[in-house]
Structure formats: C-alpha cells, structure tokens
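Colleague: This is query_1.txt, which holds compact mmCIF, C-alpha atoms:
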```txt
# COMPACT_ATOMS: atom_id res chain seq x y z
CA HIS W 1 -86.67 -44.36 -152.40
CA GLU W 2 -89.33 -46.22 -154.26
CA VAL W 3 -92.57 -44.33 -154.74
CA VAL W 4 -95.55 -45.15 -156.91
CA TRP W 5 -95.62 -42.61 -159.71
CA SER W 6 -99.42 -42.17 -159.59
CA ASN W 7 -99.13 -41.07 -155.94
CA ILE W 8 -96.86 -38.22 -157.01
CA VAL W 9 -98.65 -37.20 -160.19
CA PRO W 10 -102.38 -37.88 -160.05
CA PRO W 11 -103.90 -39.02 -163.32
CA THR W 12 -105.44 -36.12 -165.20
CA TYR W 13 -107.44 -38.31 -167.55
CA ALA W 14 -109.76 -41.19 -166.84
CA SER W 15 -108.76 -44.63 -167.96
CA LEU W 16 -109.12 -45.10 -171.69
CA TRP W 17 -111.17 -48.22 -170.97
CA TRP W 18 -113.66 -46.25 -168.87
CA LYS W 19 -113.86 -43.58 -171.54
CA ASP W 20 -114.65 -46.25 -174.15
CA ILE W 21 -117.33 -47.75 -171.91
CA ARG W 22 -118.87 -44.32 -171.32
CA ASP W 23 -118.80 -43.57 -175.05
CA LEU W 24 -120.43 -46.93 -175.75
CA GLU W 25 -123.20 -46.15 -173.27
CA VAL W 26 -123.81 -42.80 -174.98
CA CYS W 27 -123.88 -44.58 -178.35
CA ILE W 28 -126.41 -47.13 -177.09
CA GLU W 29 -128.61 -44.35 -175.67
CA ALA W 30 -128.42 -42.50 -178.99
CA ARG W 31 -129.33 -45.64 -180.88
CA SER W 32 -132.34 -46.08 -178.63
CA TRP W 33 -133.93 -42.73 -179.51
CA ILE W 34 -133.11 -43.17 -183.19
CA GLU W 35 -134.77 -46.59 -183.22
CA GLU W 36 -137.84 -45.02 -181.64
CA ALA W 37 -137.93 -42.30 -184.30
CA ILE W 38 -137.83 -44.51 -187.40
CA VAL W 39 -140.03 -47.30 -188.67
CA ARG W 40 -140.11 -49.30 -191.86
CA ARG W 41 -142.82 -48.41 -194.33
CA LEU W 42 -143.56 -51.76 -195.92
CA GLY W 43 -143.82 -51.95 -199.68
CA ASN W 44 -142.76 -55.19 -201.35
CA GLY W 45 -140.91 -56.47 -198.27
CA VAL W 46 -137.58 -56.95 -200.06
CA LEU W 47 -135.60 -54.54 -197.83
CA THR W 48 -137.40 -55.11 -194.52
CA ARG W 49 -136.05 -57.69 -192.08
CA PHE W 50 -138.97 -59.80 -190.85
CA TRP W 51 -137.78 -60.24 -187.26
CA THR W 52 -135.47 -57.30 -186.55
CA ASP W 53 -136.93 -54.22 -188.28
CA LYS W 54 -139.79 -52.29 -186.68
CA TRP W 55 -142.46 -52.67 -189.36
CA LEU W 56 -145.46 -54.31 -187.67
CA GLY W 57 -146.46 -52.76 -184.36
CA GLU W 58 -144.53 -50.61 -181.90
CA SER W 59 -141.43 -52.81 -181.79
CA PRO W 60 -139.64 -55.40 -183.94
CA LEU W 61 -141.16 -58.88 -184.01
CA CYS W 62 -138.05 -60.24 -182.25
CA VAL W 63 -139.03 -58.06 -179.26
CA GLN W 64 -142.75 -58.84 -179.47
CA PHE W 65 -142.13 -62.59 -179.82
CA PRO W 66 -138.68 -63.29 -178.34
CA ARG W 67 -139.23 -67.04 -177.92
CA LEU W 68 -140.36 -67.49 -181.52
CA TYR W 69 -137.42 -65.41 -182.71
CA SER W 70 -135.00 -67.61 -180.77
CA LEU W 71 -136.54 -70.70 -182.40
CA SER W 72 -136.73 -69.32 -185.94
CA LEU W 73 -134.59 -70.86 -188.65
CA HIS W 74 -134.68 -67.59 -190.59
CA LYS W 75 -133.59 -64.85 -188.18
CA LEU W 76 -132.21 -62.59 -190.93
CA ALA W 77 -134.89 -63.17 -193.56
CA THR W 78 -136.77 -60.30 -195.14
CA VAL W 79 -140.55 -60.03 -195.19
CA ALA W 80 -140.51 -60.95 -198.90
CA GLU W 81 -138.50 -64.10 -198.13
CA MET W 82 -140.92 -65.11 -195.37
CA VAL W 83 -144.11 -64.95 -197.43
CA THR W 84 -145.35 -66.75 -200.51
CA VAL W 85 -148.22 -65.15 -202.41
CA SER W 86 -150.28 -67.41 -204.66
CA VAL W 87 -151.84 -66.46 -208.00
CA ASP W 88 -155.17 -65.76 -206.32
CA ASN W 89 -153.39 -63.46 -203.80
CA ILE W 90 -153.43 -65.88 -200.85
CA ARG W 91 -150.45 -65.39 -198.54
CA VAL W 92 -148.66 -68.24 -196.79
CA TRP W 93 -146.10 -67.28 -194.15
CA ASN W 94 -143.00 -69.50 -194.19
CA LEU W 95 -142.47 -69.76 -190.44
CA GLN W 96 -139.97 -72.53 -189.78
CA TRP W 97 -138.64 -73.58 -186.40
CA ARG W 98 -135.55 -75.45 -185.27
CA ARG W 99 -137.67 -77.88 -183.26
CA ASN W 100 -141.30 -78.82 -182.66
CA LEU W 101 -143.11 -76.15 -180.67
CA PHE W 102 -144.77 -76.53 -177.28
CA GLN W 103 -148.45 -75.65 -177.06
CA TRP W 104 -147.81 -72.23 -175.52
CA GLU W 105 -145.38 -71.47 -178.36
CA GLU W 106 -148.04 -72.54 -180.88
CA ASP W 107 -150.34 -70.02 -179.18
CA GLU W 108 -147.69 -67.35 -179.76
CA VAL W 109 -147.55 -68.35 -183.44
CA SER W 110 -151.32 -67.95 -183.65
CA HIS W 111 -151.03 -64.45 -182.21
CA LEU W 112 -148.26 -63.63 -184.69
CA VAL W 113 -150.34 -64.93 -187.62
CA VAL W 114 -153.25 -62.69 -186.57
CA LEU W 115 -150.90 -59.70 -186.89
CA LEU W 116 -149.55 -60.97 -190.20
CA ASP W 117 -153.06 -61.33 -191.62
CA ASN W 118 -153.27 -57.52 -191.72
CA VAL W 119 -150.08 -57.10 -193.76
CA VAL W 120 -150.53 -55.63 -197.22
CA LEU W 121 -147.67 -55.90 -199.69
CA SER W 122 -147.35 -53.61 -202.71
CA ASN W 123 -145.06 -53.21 -205.70
CA GLU W 124 -143.34 -50.21 -204.12
CA GLU W 125 -139.91 -50.43 -202.53
CA ASP W 126 -139.73 -50.50 -198.72
CA SER W 127 -138.64 -47.22 -197.14
CA TRP W 128 -137.87 -45.67 -193.77
CA ARG W 129 -140.37 -43.33 -192.14
CA TRP W 130 -139.36 -40.65 -189.61
CA VAL W 131 -142.19 -40.75 -187.05
CA LEU W 132 -141.31 -37.37 -185.50
CA ASP W 133 -142.54 -35.55 -188.60
CA PRO W 134 -146.08 -35.69 -190.04
CA GLU W 135 -144.64 -36.06 -193.55
CA GLY W 136 -142.40 -38.93 -192.41
CA CYS W 137 -139.20 -37.15 -193.45
CA PHE W 138 -136.23 -36.45 -191.20
CA SER W 139 -135.69 -32.87 -190.13
CA VAL W 140 -133.37 -31.31 -187.59
CA LYS W 141 -136.35 -29.29 -186.35
CA SER W 142 -138.41 -32.39 -185.47
CA THR W 143 -135.44 -33.87 -183.63
CA PHE W 144 -134.83 -30.61 -181.76
CA VAL W 145 -138.51 -30.45 -180.74
CA MET W 146 -138.35 -34.05 -179.45
CA PHE W 147 -135.27 -33.37 -177.32
CA SER W 148 -136.73 -30.07 -176.09
CA ARG W 149 -139.84 -31.89 -174.85
CA GLU W 150 -137.72 -34.50 -173.07
CA ILE W 151 -135.73 -31.80 -171.28
CA VAL W 152 -138.93 -30.10 -170.08
CA GLU W 153 -140.37 -33.39 -168.80
```
What does this structure look like when you write it as structure tokens?

Modeller:
Amino acid sequence: HEVVWSNIVPPTYASLWWKDIRDLEVCIEARSWIEEAIVRRLGNGVLTRFWTDKWLGESPLCVQFPRLYSLSLHKLATVAEMVTVSVDNIRVWNLQWRRNLFQWEEDEVSHLVVLLDNVVLSNEEDSWRWVLDPEGCFSVKSTFVMFSREIVE
C-alpha cells in the first residue's frame, strides 16, 4: 500500500521557510523600534549619510523626499560630501540629479533647501543619540520603560 508519509506522521515543526519568514518579520519589527530610538547628532557630517540617516527631522531625507532621493546621483553620500563651505562660511549644497527636474520636483528641492539652511556643521565627529534617554545614551532601563509603555497602551 502506498500512503503519504505526512498523513501518518504529522509534521511537528513548521516549514523552515515559514520559520525564516517569521524570523525576518520579527527582525524588521525590531529594526523599526531601534530606528525610532536613535538619531544622528550632526557634527562635521563625515559619518552621517545625507539621504538615509535620520539627522534632519523626524525621518531620513529619503523618506521625507522620496522622489528627490530616487533622482539623486549621490544616494550614499555623506552630509560632508554634499556640502561645500566657502571661506566666508557660505554653504552650497551639491544636489545633483540624474535628469532635469519637473516644476513640482523643483518645489520639493526648495522645501529641502529651507531645511538645509538650518544645518550647522561643527568640527566635532558625528555621533548617535539615543532619544529614549535625556542624556542621549543607551540604557536597558530606557528601553524597558519604552516597551512597558507600549504594552500598557
């Protein structure tokens, strides 16, 4: 008699593929809260990615300006690589695009430049800041408090 083995002995473990997918989902969720808890403290801009690090506003510039990011020639550039500072301390942002922009995209650039006008560079090295702690330093306690609040809500 021919019988399918899985009908006789039911699988005791989920498919390894499903386990990997579930683990990936957990990893993505973990990354999400970590990304919310850290921000770049801008110093000289050498270590901060212009488009992909959260350093200007509540989210990375690639999230705030997705169209401009998709058109940028310098997706991986740092803040320091994207700005030129003259002798008299005038900043020029090196925003370069892979094609000519439409008017609405130019309007987006204008909005971006308004944000960039407030940027202050220093001689200090860029660093990470843990937003869950008033001192900006990671602590298990601050993380525990954050998760405790989420459970209550």

Colleague: Using only C-alpha atoms, which of the listed residues (W:Glu135, W:Leu116, W:Thr78, W:Leu68) sits closest to Leu101 (chain W)?

Modeller: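 The shortest atom-to-atom distance to Leu101 (chain W) comes from W:Leu68.
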
Colleague: Taking into account all atoms listed in the file, which residue in the set W:Pro60, W:Arg49, W:Gln96, W:Trp55 is nearest to Val79 (chain W)?

Modeller: W:Arg49

Colleague: Between CA of Gly43 (chain W) and CA of Glu124 (chain W), what distance in Å does the model show, to one decimal?

Modeller: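 These two atoms are separated by 4.8 Å.
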
Colleague: Could you jot down the CA of Thr143 (chain W) to CA of Trp33 (chain W) separation for me, Å, one decimal place?

Modeller: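 Pair CA of Thr143 (chain W) / CA of Trp33 (chain W) returns 9.9 Å.
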
Colleague: Pick from W:Ser72, W:Thr52, W:Asn118, W:Ser86: nearest to Arg99 (chain W), with only C-alpha atoms counted?

Modeller: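 Answer, going by the shortest atom-to-atom distance: W:Ser72.
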
Colleague: Which one of W:Val140, W:Val131, W:Ile90, W:Leu121 sits closest to Glu35 (chain W) if you count all atoms listed in the file?

Modeller: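 The answer is W:Val131, which sits nearest to Glu35 (chain W).
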
Colleague: With only C-alpha atoms as the basis for distance, which of W:Asp88, W:Glu81, W:Glu106, W:Glu36 is at the shortest distance from Thr48 (chain W)?

Modeller: W:Glu81

Colleague: Between W:Val119, W:Val109, W:Ile38, W:Leu47, which has the minimum distance to Gln64 (chain W) (counting all atoms listed in the file)?

Modeller: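 Once distances to Gln64 (chain W) are computed over all atoms listed in the file, the minimum belongs to W:Val109.
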
Colleague: Quick one, how far is CA of Leu115 (chain W) from CA of Phe50 (chain W)?

Modeller: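 For CA of Leu115 (chain W) relative to CA of Phe50 (chain W), the distance reads 12.6 Å.
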
Colleague: For region 69-83 of chain W, take all atoms listed in the file, fit an axis-aligned box around them, add 6 Å to each of the six sides, then output centre and edge lengths in Å rounded to one decimal, as lines of an AutoDock Vina configuration file.

Modeller:
```
center_x = -138.2
center_y = -65.4
center_z = -189.8
size_x = 23.9
size_y = 22.8
size_z = 30.1
```

Colleague: Give as a list in words the set of residues within 10 Å of the point (-140.3, -46.4, -193.3), where distances use the file's coordinates and all atoms listed in the file.

Modeller: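 Every residue inside that radius is included here: Ile38, Val39, Arg40, Arg41, Leu42, Gly43, Thr48, Asp53, Lys54, Trp55, Asp126, Ser127, Trp128, Arg129, Trp130, Val131, Gly136 and Cys137 of chain W.
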
Colleague: Give me a file of those residues, with C-alpha atoms, as a short mmCIF file (atom, residue, chain, number, x, y, z; two decimals), keeping the file's coordinate frame.

Modeller:
```cif
data_model
loop_
_atom_site.label_atom_id
_atom_site.label_comp_id
_atom_site.auth_asym_id
_atom_site.auth_seq_id
_atom_site.Cartn_x
_atom_site.Cartn_y
_atom_site.Cartn_z
CA ILE W 38 -137.83 -44.51 -187.40
CA VAL W 39 -140.03 -47.30 -188.67
CA ARG W 40 -140.11 -49.30 -191.86
CA ARG W 41 -142.82 -48.41 -194.33
CA LEU W 42 -143.56 -51.76 -195.92
CA GLY W 43 -143.82 -51.95 -199.68
CA THR W 48 -137.40 -55.11 -194.52
CA ASP W 53 -136.93 -54.22 -188.28
CA LYS W 54 -139.79 -52.29 -186.68
CA TRP W 55 -142.46 -52.67 -189.36
CA ASP W 126 -139.73 -50.50 -198.72
CA SER W 127 -138.64 -47.22 -197.14
CA TRP W 128 -137.87 -45.67 -193.77
CA ARG W 129 -140.37 -43.33 -192.14
CA TRP W 130 -139.36 -40.65 -189.61
CA VAL W 131 -142.19 -40.75 -187.05
CA GLY W 136 -142.40 -38.93 -192.41
CA CYS W 137 -139.20 -37.15 -193.45
#
```
